[in-house]
$ cat my_file.cif   # mmCIF, C-alpha atoms; chains and numbers go by the auth columns
data_run
#
loop_
_atom_site.group_PDB
_atom_site.id
_atom_site.type_symbol
_atom_site.label_atom_id
_atom_site.label_comp_id
_atom_site.label_asym_id
_atom_site.label_seq_id
_atom_site.Cartn_x
_atom_site.Cartn_y
_atom_site.Cartn_z
_atom_site.B_iso_or_equiv
_atom_site.auth_seq_id
_atom_site.auth_asym_id
ATOM 1 C CA MET A 1 111.587 98.568 108.472 0.00 1 T
ATOM 2 C CA LYS A 2 113.583 96.161 110.613 0.00 2 T
ATOM 3 C CA VAL A 3 117.366 96.411 110.812 0.00 3 T
ATOM 4 C CA TYR A 4 119.434 93.503 112.090 0.00 4 T
ATOM 5 C CA SER A 5 122.965 92.125 111.986 0.00 5 T
ATOM 6 C CA GLN A 6 124.020 89.472 109.474 0.00 6 T
ATOM 7 C CA GLY A 7 127.284 88.198 110.869 0.00 7 T
ATOM 8 C CA ASP A 8 129.980 90.612 112.021 0.00 8 T
ATOM 9 C CA GLN A 9 130.408 92.509 108.742 0.00 9 T
ATOM 10 C CA ALA A 10 126.933 92.964 107.296 0.00 10 T
ATOM 11 C CA ILE A 11 123.585 94.488 108.146 0.00 11 T
ATOM 12 C CA VAL A 12 120.143 93.701 106.718 0.00 12 T
ATOM 13 C CA VAL A 13 117.363 96.212 106.204 0.00 13 T
ATOM 14 C CA SER A 14 114.107 94.251 105.959 0.00 14 T
ATOM 15 C CA LEU A 15 110.613 95.444 105.053 0.00 15 T
ATOM 16 C CA ARG A 16 107.785 94.990 107.510 0.00 16 T
ATOM 17 C CA GLY A 17 104.222 94.208 106.517 0.00 17 T
ATOM 18 C CA GLN A 18 102.966 93.720 102.972 0.00 18 T
ATOM 19 C CA VAL A 19 105.470 94.116 100.153 0.00 19 T
ATOM 20 C CA THR A 20 104.406 97.017 97.932 0.00 20 T
ATOM 21 C CA PRO A 21 106.161 99.174 95.329 0.00 21 T
ATOM 22 C CA LYS A 22 106.285 102.048 97.836 0.00 22 T
ATOM 23 C CA ALA A 23 107.979 99.834 100.407 0.00 23 T
ATOM 24 C CA THR A 24 110.530 98.539 97.903 0.00 24 T
ATOM 25 C CA GLN A 25 111.145 102.102 96.748 0.00 25 T
ATOM 26 C CA ARG A 26 112.241 103.013 100.268 0.00 26 T
ATOM 27 C CA LEU A 27 114.976 100.401 100.035 0.00 27 T
ATOM 28 C CA LEU A 28 116.073 101.810 96.690 0.00 28 T
ATOM 29 C CA VAL A 29 116.202 105.359 98.074 0.00 29 T
ATOM 30 C CA LEU A 30 118.437 103.994 100.823 0.00 30 T
ATOM 31 C CA ARG A 31 120.718 102.294 98.287 0.00 31 T
ATOM 32 C CA HIS A 32 120.871 105.445 96.156 0.00 32 T
ATOM 33 C CA TYR A 33 121.848 107.559 99.166 0.00 33 T
ATOM 34 C CA LEU A 34 124.595 105.177 100.285 0.00 34 T
ATOM 35 C CA ASN A 35 125.994 104.926 96.749 0.00 35 T
ATOM 36 C CA GLU A 36 126.081 108.719 96.464 0.00 36 T
ATOM 37 C CA GLN A 37 127.999 109.050 99.751 0.00 37 T
ATOM 38 C CA ASN A 38 130.601 106.546 98.517 0.00 38 T
ATOM 39 C CA TYR A 39 131.508 105.440 102.034 0.00 39 T
ATOM 40 C CA PRO A 40 134.893 103.631 101.844 0.00 40 T
ATOM 41 C CA PHE A 41 133.839 101.112 104.504 0.00 41 T
ATOM 42 C CA ILE A 42 130.752 99.855 102.582 0.00 42 T
ATOM 43 C CA THR A 43 131.888 96.998 100.365 0.00 43 T
ATOM 44 C CA GLU A 44 128.637 95.771 98.774 0.00 44 T
ATOM 45 C CA ILE A 45 124.908 96.540 98.625 0.00 45 T
ATOM 46 C CA VAL A 46 122.567 93.769 97.470 0.00 46 T
ATOM 47 C CA PRO A 47 118.856 94.685 97.206 0.00 47 T
ATOM 48 C CA THR A 48 115.936 92.298 96.721 0.00 48 T
ATOM 49 C CA GLU A 49 112.183 92.804 96.662 0.00 49 T
ATOM 50 C CA THR A 50 111.926 92.662 100.456 0.00 50 T
ATOM 51 C CA ASP A 51 115.413 93.115 101.932 0.00 51 T
ATOM 52 C CA MET A 52 118.737 94.839 101.410 0.00 52 T
ATOM 53 C CA LEU A 53 122.075 93.383 102.527 0.00 53 T
ATOM 54 C CA ILE A 54 124.768 95.969 103.218 0.00 54 T
ATOM 55 C CA SER A 55 128.257 94.564 103.721 0.00 55 T
ATOM 56 C CA TYR A 56 130.930 96.643 105.425 0.00 56 T
ATOM 57 C CA ASP A 57 134.582 96.468 106.493 0.00 57 T
ATOM 58 C CA ALA A 58 134.296 96.390 110.284 0.00 58 T
ATOM 59 C CA ARG A 59 138.039 96.642 110.883 0.00 59 T
ATOM 60 C CA LEU A 60 138.315 99.728 108.682 0.00 60 T
ATOM 61 C CA MET A 61 135.390 101.359 110.488 0.00 61 T
ATOM 62 C CA MET A 62 136.884 100.720 113.918 0.00 62 T
ATOM 63 C CA LYS A 63 140.247 102.056 112.811 0.00 63 T
ATOM 64 C CA GLN A 64 139.183 105.152 110.815 0.00 64 T
ATOM 65 C CA LEU A 65 135.948 106.118 112.585 0.00 65 T
ATOM 66 C CA ASN A 66 137.020 105.093 116.078 0.00 66 T
ATOM 67 C CA VAL A 67 133.754 103.232 116.729 0.00 67 T
ATOM 68 C CA GLU A 68 133.399 100.294 119.083 0.00 68 T
ATOM 69 C CA SER A 69 130.409 98.735 117.299 0.00 69 T
ATOM 70 C CA PRO A 70 130.325 98.950 113.476 0.00 70 T
ATOM 71 C CA PHE A 71 126.815 97.451 113.547 0.00 71 T
ATOM 72 C CA LEU A 72 125.423 100.153 115.860 0.00 72 T
ATOM 73 C CA HIS A 73 127.154 102.805 113.760 0.00 73 T
ATOM 74 C CA MET A 74 125.546 101.446 110.578 0.00 74 T
ATOM 75 C CA LYS A 75 122.156 101.167 112.278 0.00 75 T
ATOM 76 C CA ALA A 76 122.317 104.802 113.396 0.00 76 T
ATOM 77 C CA LEU A 77 123.488 105.889 109.940 0.00 77 T
ATOM 78 C CA ILE A 78 120.514 104.203 108.257 0.00 78 T
ATOM 79 C CA ALA A 79 118.042 105.621 110.795 0.00 79 T
ATOM 80 C CA GLN A 80 118.901 109.225 109.889 0.00 80 T
ATOM 81 C CA ILE A 81 118.449 108.836 106.117 0.00 81 T
ATOM 82 C CA ASP A 82 115.382 110.493 104.568 0.00 82 T
ATOM 83 C CA LEU A 83 113.399 107.713 102.867 0.00 83 T
ATOM 84 C CA SER A 84 110.321 109.791 102.079 0.00 84 T
ATOM 85 C CA GLU A 85 108.274 109.436 98.891 0.00 85 T
ATOM 86 C CA GLU A 86 109.420 112.903 97.790 0.00 86 T
ATOM 87 C CA LYS A 87 112.971 111.584 97.604 0.00 87 T
ATOM 88 C CA TRP A 88 111.790 108.668 95.488 0.00 88 T
ATOM 89 C CA LYS A 89 109.869 110.860 93.032 0.00 89 T
ATOM 90 C CA LYS A 90 113.131 112.546 92.060 0.00 90 T
ATOM 91 C CA GLN A 91 114.623 109.149 91.157 0.00 91 T
ATOM 92 C CA ARG A 92 111.547 107.589 89.506 0.00 92 T
ATOM 93 C CA ARG A 93 112.115 106.441 85.929 0.00 93 T
ATOM 94 C CA CYS A 94 109.617 105.015 83.447 0.00 94 T
ATOM 95 C CA VAL A 95 110.687 102.848 80.496 0.00 95 T
ATOM 96 C CA LYS A 96 108.298 102.380 77.566 0.00 96 T
ATOM 97 C CA VAL A 97 108.397 98.931 75.988 0.00 97 T
ATOM 98 C CA PRO A 98 106.822 98.505 72.522 0.00 98 T
ATOM 99 C CA MET A 99 105.702 94.949 71.787 0.00 99 T
ATOM 100 C CA TYR A 100 103.895 92.664 69.369 0.00 100 T
ATOM 101 C CA TYR A 101 101.123 90.507 70.828 0.00 101 T
ATOM 102 C CA GLY A 102 100.175 86.963 69.855 0.00 102 T
ATOM 103 C CA GLY A 103 100.878 85.043 66.666 0.00 103 T
ATOM 104 C CA SER A 104 104.452 83.819 66.268 0.00 104 T
ATOM 105 C CA HIS A 105 105.559 86.492 68.761 0.00 105 T
ATOM 106 C CA GLY A 106 103.205 85.255 71.501 0.00 106 T
ATOM 107 C CA PRO A 107 102.468 81.571 70.884 0.00 107 T
ATOM 108 C CA HIS A 108 100.565 81.074 74.163 0.00 108 T
ATOM 109 C CA LEU A 109 98.282 84.097 73.926 0.00 109 T
ATOM 110 C CA ALA A 110 95.488 82.333 72.010 0.00 110 T
ATOM 111 C CA GLY A 111 95.233 79.615 74.673 0.00 111 T
ATOM 112 C CA ILE A 112 95.253 82.202 77.458 0.00 112 T
ATOM 113 C CA LEU A 113 92.419 84.122 75.779 0.00 113 T
ATOM 114 C CA GLU A 114 90.340 80.965 75.546 0.00 114 T
ATOM 115 C CA GLU A 115 91.013 80.144 79.189 0.00 115 T
ATOM 116 C CA LEU A 116 90.097 83.656 80.343 0.00 116 T
ATOM 117 C CA ASN A 117 87.130 83.916 77.959 0.00 117 T
ATOM 118 C CA MET A 118 88.531 87.190 76.721 0.00 118 T
ATOM 119 C CA THR A 119 89.168 88.788 73.324 0.00 119 T
ATOM 120 C CA GLU A 120 92.654 89.749 72.233 0.00 120 T
ATOM 121 C CA ALA A 121 91.652 93.421 72.249 0.00 121 T
ATOM 122 C CA GLN A 122 90.448 93.142 75.857 0.00 122 T
ATOM 123 C CA PHE A 123 93.623 91.397 76.951 0.00 123 T
ATOM 124 C CA ILE A 124 95.875 93.944 75.237 0.00 124 T
ATOM 125 C CA GLU A 125 93.920 96.846 76.704 0.00 125 T
ATOM 126 C CA ARG A 126 94.351 95.476 80.228 0.00 126 T
ATOM 127 C CA HIS A 127 97.996 94.537 79.735 0.00 127 T
ATOM 128 C CA THR A 128 99.014 97.901 78.256 0.00 128 T
ATOM 129 C CA SER A 129 97.061 99.921 80.825 0.00 129 T
ATOM 130 C CA GLY A 130 99.139 98.578 83.697 0.00 130 T
ATOM 131 C CA ASP A 131 101.819 100.619 85.456 0.00 131 T
ATOM 132 C CA TYR A 132 104.398 97.917 86.112 0.00 132 T
ATOM 133 C CA PHE A 133 107.004 98.120 88.846 0.00 133 T
ATOM 134 C CA VAL A 134 110.344 96.329 88.533 0.00 134 T
ATOM 135 C CA SER A 135 110.295 94.549 91.874 0.00 135 T
ATOM 136 C CA MET A 136 113.033 92.005 91.148 0.00 136 T
ATOM 137 C CA MET A 137 115.875 91.336 88.728 0.00 137 T
ATOM 138 C CA GLY A 138 117.007 87.817 88.002 0.00 138 T
ATOM 139 C CA TYR A 139 117.129 84.633 85.938 0.00 139 T
ATOM 140 C CA SER A 140 119.487 86.237 83.393 0.00 140 T
ATOM 141 C CA PRO A 141 121.400 89.549 83.253 0.00 141 T
ATOM 142 C CA GLY A 142 119.014 92.502 82.979 0.00 142 T
ATOM 143 C CA PHE A 143 115.896 90.298 83.254 0.00 143 T
ATOM 144 C CA PRO A 144 113.105 92.330 84.956 0.00 144 T
ATOM 145 C CA TYR A 145 110.271 90.828 86.966 0.00 145 T
ATOM 146 C CA LEU A 146 107.323 93.222 86.807 0.00 146 T
ATOM 147 C CA SER A 147 104.673 93.551 89.514 0.00 147 T
ATOM 148 C CA GLY A 148 101.303 95.119 88.737 0.00 148 T
ATOM 149 C CA VAL A 149 99.654 92.575 86.436 0.00 149 T
ATOM 150 C CA ASP A 150 95.900 93.173 86.214 0.00 150 T
ATOM 151 C CA ASN A 151 94.126 90.511 88.295 0.00 151 T
ATOM 152 C CA SER A 152 91.845 89.639 85.379 0.00 152 T
ATOM 153 C CA ILE A 153 94.765 88.408 83.215 0.00 153 T
ATOM 154 C CA ILE A 154 96.701 86.454 85.841 0.00 154 T
ATOM 155 C CA VAL A 155 97.169 82.800 84.852 0.00 155 T
ATOM 156 C CA ASN A 156 98.366 80.526 87.648 0.00 156 T
ATOM 157 C CA HIS A 157 100.087 77.831 85.628 0.00 157 T
ATOM 158 C CA THR A 158 102.940 77.368 83.176 0.00 158 T
ATOM 159 C CA ALA A 159 102.991 75.940 79.645 0.00 159 T
ATOM 160 C CA ASP A 160 102.682 72.197 79.092 0.00 160 T
ATOM 161 C CA ASP A 161 106.229 71.869 77.764 0.00 161 T
ATOM 162 C CA LYS A 162 109.473 73.771 77.677 0.00 162 T
ATOM 163 C CA ARG A 163 110.234 75.449 74.361 0.00 163 T
ATOM 164 C CA PHE A 164 112.722 77.834 72.801 0.00 164 T
ATOM 165 C CA ILE A 165 112.018 81.403 73.911 0.00 165 T
ATOM 166 C CA PRO A 166 113.967 84.149 72.135 0.00 166 T
ATOM 167 C CA ALA A 167 115.366 87.237 73.834 0.00 167 T
ATOM 168 C CA GLY A 168 112.777 90.008 74.011 0.00 168 T
ATOM 169 C CA SER A 169 109.868 87.669 74.745 0.00 169 T
ATOM 170 C CA VAL A 170 107.231 89.013 77.131 0.00 170 T
ATOM 171 C CA ILE A 171 106.113 86.289 79.511 0.00 171 T
ATOM 172 C CA LEU A 172 103.549 85.728 82.247 0.00 172 T
ATOM 173 C CA GLU A 173 104.490 83.882 85.421 0.00 173 T
ATOM 174 C CA ASN A 174 101.711 83.813 88.016 0.00 174 T
ATOM 175 C CA ASN A 175 101.148 87.409 89.179 0.00 175 T
ATOM 176 C CA LYS A 176 104.256 88.802 87.504 0.00 176 T
ATOM 177 C CA CYS A 177 105.261 89.681 83.974 0.00 177 T
ATOM 178 C CA GLY A 178 108.801 89.375 82.638 0.00 178 T
ATOM 179 C CA ILE A 179 110.911 90.169 79.594 0.00 179 T
ATOM 180 C CA THR A 180 113.630 87.731 78.542 0.00 180 T
ATOM 181 C CA THR A 181 117.026 89.252 77.829 0.00 181 T
ATOM 182 C CA THR A 182 118.701 86.155 76.402 0.00 182 T
ATOM 183 C CA ASP A 183 117.535 83.156 74.360 0.00 183 T
ATOM 184 C CA THR A 184 116.382 80.362 76.649 0.00 184 T
ATOM 185 C CA TYR A 185 114.334 77.172 76.974 0.00 185 T
ATOM 186 C CA GLU A 186 111.534 77.434 79.537 0.00 186 T
ATOM 187 C CA ASP A 187 107.875 76.614 80.213 0.00 187 T
ATOM 188 C CA TRP A 188 106.815 80.244 80.604 0.00 188 T
ATOM 189 C CA LEU A 189 103.671 81.516 78.902 0.00 189 T
ATOM 190 C CA VAL A 190 104.805 83.807 76.075 0.00 190 T
ATOM 191 C CA ILE A 191 102.283 86.507 75.139 0.00 191 T
ATOM 192 C CA GLY A 192 104.419 88.681 72.867 0.00 192 T
ATOM 193 C CA TRP A 193 107.806 90.040 71.908 0.00 193 T
ATOM 194 C CA THR A 194 109.599 93.391 71.967 0.00 194 T
ATOM 195 C CA PRO A 195 112.351 94.484 69.556 0.00 195 T
ATOM 196 C CA LEU A 196 113.772 96.625 72.359 0.00 196 T
ATOM 197 C CA LYS A 197 117.201 95.376 73.423 0.00 197 T
ATOM 198 C CA LEU A 198 117.155 95.184 77.205 0.00 198 T
ATOM 199 C CA PHE A 199 120.621 93.691 77.671 0.00 199 T
ATOM 200 C CA ASP A 200 123.834 94.795 75.963 0.00 200 T
ATOM 201 C CA PRO A 201 127.064 93.462 77.545 0.00 201 T
ATOM 202 C CA THR A 202 129.172 95.886 75.475 0.00 202 T
ATOM 203 C CA LYS A 203 127.779 98.889 77.367 0.00 203 T
ATOM 204 C CA LYS A 204 128.772 100.100 80.829 0.00 204 T
ATOM 205 C CA ASP A 205 125.118 100.248 81.854 0.00 205 T
ATOM 206 C CA PHE A 206 124.350 96.873 80.289 0.00 206 T
ATOM 207 C CA ALA A 207 120.723 96.698 81.481 0.00 207 T
ATOM 208 C CA LEU A 208 118.134 99.039 79.972 0.00 208 T
ATOM 209 C CA ILE A 209 115.708 98.376 82.848 0.00 209 T
ATOM 210 C CA SER A 210 116.727 98.396 86.513 0.00 210 T
ATOM 211 C CA LEU A 211 115.260 97.478 89.871 0.00 211 T
ATOM 212 C CA GLY A 212 112.760 100.142 90.924 0.00 212 T
ATOM 213 C CA ASP A 213 111.936 101.353 87.411 0.00 213 T
ATOM 214 C CA HIS A 214 108.384 101.590 86.125 0.00 214 T
ATOM 215 C CA VAL A 215 107.448 100.006 82.792 0.00 215 T
ATOM 216 C CA LYS A 216 104.641 100.784 80.345 0.00 216 T
ATOM 217 C CA PHE A 217 103.864 98.473 77.416 0.00 217 T
ATOM 218 C CA ASP A 218 102.806 99.864 74.051 0.00 218 T
ATOM 219 C CA VAL A 219 101.230 97.702 71.329 0.00 219 T
ATOM 220 C CA LEU A 220 103.045 97.412 68.007 0.00 220 T
ATOM 221 C CA GLN A 221 101.373 96.377 64.781 0.00 221 T
ATOM 222 C CA GLU A 222 103.139 94.308 62.107 0.00 222 T
ATOM 223 C CA GLY A 223 104.973 96.638 59.749 0.00 223 T
ATOM 224 C CA ARG A 224 105.233 99.404 62.299 0.00 224 T
ATOM 225 C CA GLY A 225 108.707 100.236 63.593 0.00 225 T
ATOM 226 C CA VAL A 226 109.806 101.097 67.110 0.00 226 T
#
$ encode --input "my_file.cif" --output "structure tokens"
Amino acid sequence: MKVYSQGDQAIVVSLRGQVTPKATQRLLVLRHYLNEQNYPFITEIVPTETDMLISYDARLMMKQLNVESPFLHMKALIAQIDLSEEKWKKQRRCVKVPMYYGGSHGPHLAGILEELNMTEAQFIERHTSGDYFVSMMGYSPGFPYLSGVDNSIIVNHTADDKRFIPAGSVILENNKCGITTTDTYEDWLVIGWTPLKLFDPTKKDFALISLGDHVKFDVLQEGRGV
């Protein structure tokens, strides 16, 4: 990992080489550690798929810690944190997402099957067998972008037109899969729908799925409950 200054009150931890779930997990272990320590001088931690921005109060650090360089202090602090895979295994969480495929729930699935020359059963088997990693959050609150889509079901285009997409829709976007958390209008390819509520603004932990989680899809049949 590369660590560099971002202005006089922030530091960036950036991944080197190919972005993989293991690499992203190291950033999340770092965030977890810093949150647990509750350092009063750290004001914000913003992780992405490849980088993590850590903002700090430089004046407070110089006053309370008697350090001349807040950046060098932060760099040394990060260097001594254990980011091993064993640490990550203790934090790993898997969320199971039941979903309906095709029909009114997945209006684009039939066209995708024709394009891939694949049966619905084959597509579902490959989609549900994946171990998906939440590599990004975005678009809307609690919206997870999932890495780990089987290469054989990747479709590198969007739908012809934008359409209404209800919350809970499972979509394909290039080499990622996503689950909408709010109603929207988009040109995503919708392959199914889950009755699982991923976003609830009335709860303290409003998002059911978080960055770094693993997701497994499970096929639902009409008439079968969650």
$ resolve_selection --input "my_file.cif" --expression "the PyMOL selection byres ((chain T and resi 45-51) around 6)" --output "PyMOL selection string"
chain T and resi 13-15+44+52-54+135-136
$ axis_aligned_box --input "my_file.cif" --around "region 73-81 of chain T" --padding-each-side "8 Å" --output "JSON"
{"center_x": 122.6, "center_y": 105.2, "center_z": 109.9, "size_x": 25.1, "size_y": 24.1, "size_z": 23.6}
$ residues_near_point --input "my_file.cif" --point "(134.6, 104.9, 106.9)" --cutoff "9 Å" --atoms "all atoms listed in the file" --output "mmCIF file with C-alpha atoms, in the frame of the given file"
data_model
loop_
_atom_site.group_PDB
_atom_site.id
_atom_site.type_symbol
_atom_site.label_atom_id
_atom_site.label_comp_id
_atom_site.auth_asym_id
_atom_site.auth_seq_id
_atom_site.Cartn_x
_atom_site.Cartn_y
_atom_site.Cartn_z
ATOM 1 C CA TYR T 39 131.508 105.440 102.034
ATOM 2 C CA PRO T 40 134.893 103.631 101.844
ATOM 3 C CA PHE T 41 133.839 101.112 104.504
ATOM 4 C CA ILE T 42 130.752 99.855 102.582
ATOM 5 C CA ASP T 57 134.582 96.468 106.493
ATOM 6 C CA LEU T 60 138.315 99.728 108.682
ATOM 7 C CA MET T 61 135.390 101.359 110.488
ATOM 8 C CA MET T 62 136.884 100.720 113.918
ATOM 9 C CA LYS T 63 140.247 102.056 112.811
ATOM 10 C CA GLN T 64 139.183 105.152 110.815
ATOM 11 C CA LEU T 65 135.948 106.118 112.585
#
$ residues_around --input "my_file.cif" --residues "Pro107 (chain T)" --least-positions-apart "3" --cutoff "7 Å" --atoms "only C-alpha atoms" --output "ChimeraX atom specification"
/T:102-104,190-191
$ resolve_selection --input "my_file.cif" --expression "the PyMOL selection byres ((chain T and resi 198-205) around 10)" --output "PyMOL selection string"
chain T and resi 97+140-144+167-168+179-182+194-197+206-210
$ atom_distance --input "my_file.cif" --atom1 "CA of Gly106 (chain T)" --atom2 "CA of Ile171 (chain T)"
8.6 Å
$ atom_distance --input "my_file.cif" --atom1 "CA of Trp188 (chain T)" --atom2 "CA of Gln122 (chain T)"
21.4 Å
$ closest_residue --input "my_file.cif" --among "T:Ser169, T:Thr20, T:Ser84, T:Ser152" --to "Asn117 (chain T)" --atoms "only C-alpha atoms"
T:Ser152
$ residues_around --input "my_file.cif" --residues "Asp160 (chain T)" --least-positions-apart "3" --cutoff "10 Å" --atoms "all atoms listed in the file" --output "PyMOL selection string"
chain T and resi 157+163+187-189
$ resolve_selection --input "my_file.cif" --expression "the PyMOL selection byres ((chain T and resi 125-128) around 9)" --output "PyMOL selection string"
chain T and resi 120-124+129-131+149-150+152-153+216-219
$ atom_distance --input "my_file.cif" --atom1 "CA of Val29 (chain T)" --atom2 "CA of Asp82 (chain T)"
8.3 Å
$ closest_residue --input "my_file.cif" --among "T:Arg31, T:Arg26, T:His214, T:Arg93" --to "Gly148 (chain T)" --atoms "all atoms listed in the file"
T:His214
$ residues_near_point --input "my_file.cif" --point "(94.0, 80.0, 88.2)" --cutoff "12 Å" --atoms "all atoms listed in the file" --output "JSON, numbers by chain"
{"T": [112, 115, 116, 151, 152, 153, 154, 155, 156, 157, 158, 173, 174, 175]}
$ closest_residue --input "my_file.cif" --among "T:Tyr139, T:Tyr56, T:Tyr132, T:Tyr185" --to "Phe164 (chain T)" --atoms "all atoms listed in the file"
T:Tyr185
$ closest_residue --input "my_file.cif" --among "T:Asp213, T:Gln221, T:Leu34, T:Gly192" --to "Val95 (chain T)" --atoms "only C-alpha atoms"
T:Asp213
$ closest_residue --input "my_file.cif" --among "T:Leu83, T:Ile165, T:Leu72, T:Leu30" --to "Gln9 (chain T)" --atoms "all atoms listed in the file"
T:Leu72
$ closest_residue --input "my_file.cif" --among "T:Met137, T:Leu27, T:Leu211, T:Tyr101" --to "Leu113 (chain T)" --atoms "all atoms listed in the file"
T:Tyr101
$ decode --input "my_file.cif" --residues "region 165-172 of chain T" --atoms "all heavy atoms" --output "tab-separated table (two decimals), in the first residue's frame"
chain	number	residue	atom	x	y	z
T	165	ILE	N	-37.44	1.18	-12.18
T	165	ILE	CA	-36.83	0.03	-11.52
T	165	ILE	C	-37.15	0.13	-10.02
T	165	ILE	O	-36.67	1.04	-9.35
T	165	ILE	CB	-35.30	-0.02	-11.73
T	165	ILE	CG1	-34.98	-0.09	-13.23
T	165	ILE	CG2	-34.68	-1.19	-10.99
T	165	ILE	CD1	-33.49	-0.06	-13.53
T	166	PRO	N	-37.93	-0.79	-9.50
T	166	PRO	CA	-38.31	-0.71	-8.09
T	166	PRO	C	-37.18	-1.10	-7.15
T	166	PRO	O	-36.23	-1.79	-7.54
T	166	PRO	CB	-39.47	-1.72	-7.99
T	166	PRO	CG	-39.18	-2.72	-9.07
T	166	PRO	CD	-38.56	-1.94	-10.19
T	167	ALA	N	-37.26	-0.63	-5.92
T	167	ALA	CA	-36.30	-1.00	-4.89
T	167	ALA	C	-36.28	-2.52	-4.73
T	167	ALA	O	-37.32	-3.17	-4.78
T	167	ALA	CB	-36.66	-0.34	-3.57
T	168	GLY	N	-35.11	-3.08	-4.56
T	168	GLY	CA	-34.96	-4.52	-4.42
T	168	GLY	C	-34.61	-5.22	-5.72
T	168	GLY	O	-34.37	-6.43	-5.73
T	169	SER	N	-34.52	-4.46	-6.81
T	169	SER	CA	-34.18	-5.06	-8.10
T	169	SER	C	-32.70	-5.44	-8.14
T	169	SER	O	-31.83	-4.69	-7.67
T	169	SER	CB	-34.47	-4.08	-9.25
T	169	SER	OG	-35.86	-3.83	-9.35
T	170	VAL	N	-32.43	-6.62	-8.69
T	170	VAL	CA	-31.05	-7.09	-8.85
T	170	VAL	C	-30.63	-6.80	-10.28
T	170	VAL	O	-31.28	-7.25	-11.22
T	170	VAL	CB	-30.93	-8.59	-8.53
T	170	VAL	CG1	-29.49	-9.06	-8.70
T	170	VAL	CG2	-31.41	-8.87	-7.10
T	171	ILE	N	-29.55	-6.04	-10.43
T	171	ILE	CA	-29.16	-5.56	-11.75
T	171	ILE	C	-27.75	-6.01	-12.12
T	171	ILE	O	-26.93	-6.32	-11.24
T	171	ILE	CB	-29.29	-4.02	-11.83
T	171	ILE	CG1	-28.35	-3.33	-10.81
T	171	ILE	CG2	-30.71	-3.58	-11.57
T	171	ILE	CD1	-27.07	-2.80	-11.37
T	172	LEU	N	-27.49	-6.05	-13.42
T	172	LEU	CA	-26.15	-6.29	-13.93
T	172	LEU	C	-25.63	-5.01	-14.56
T	172	LEU	O	-26.35	-4.33	-15.30
T	172	LEU	CB	-26.14	-7.41	-14.98
T	172	LEU	CG	-26.37	-8.84	-14.50
T	172	LEU	CD1	-26.31	-9.79	-15.69
T	172	LEU	CD2	-25.35	-9.26	-13.45
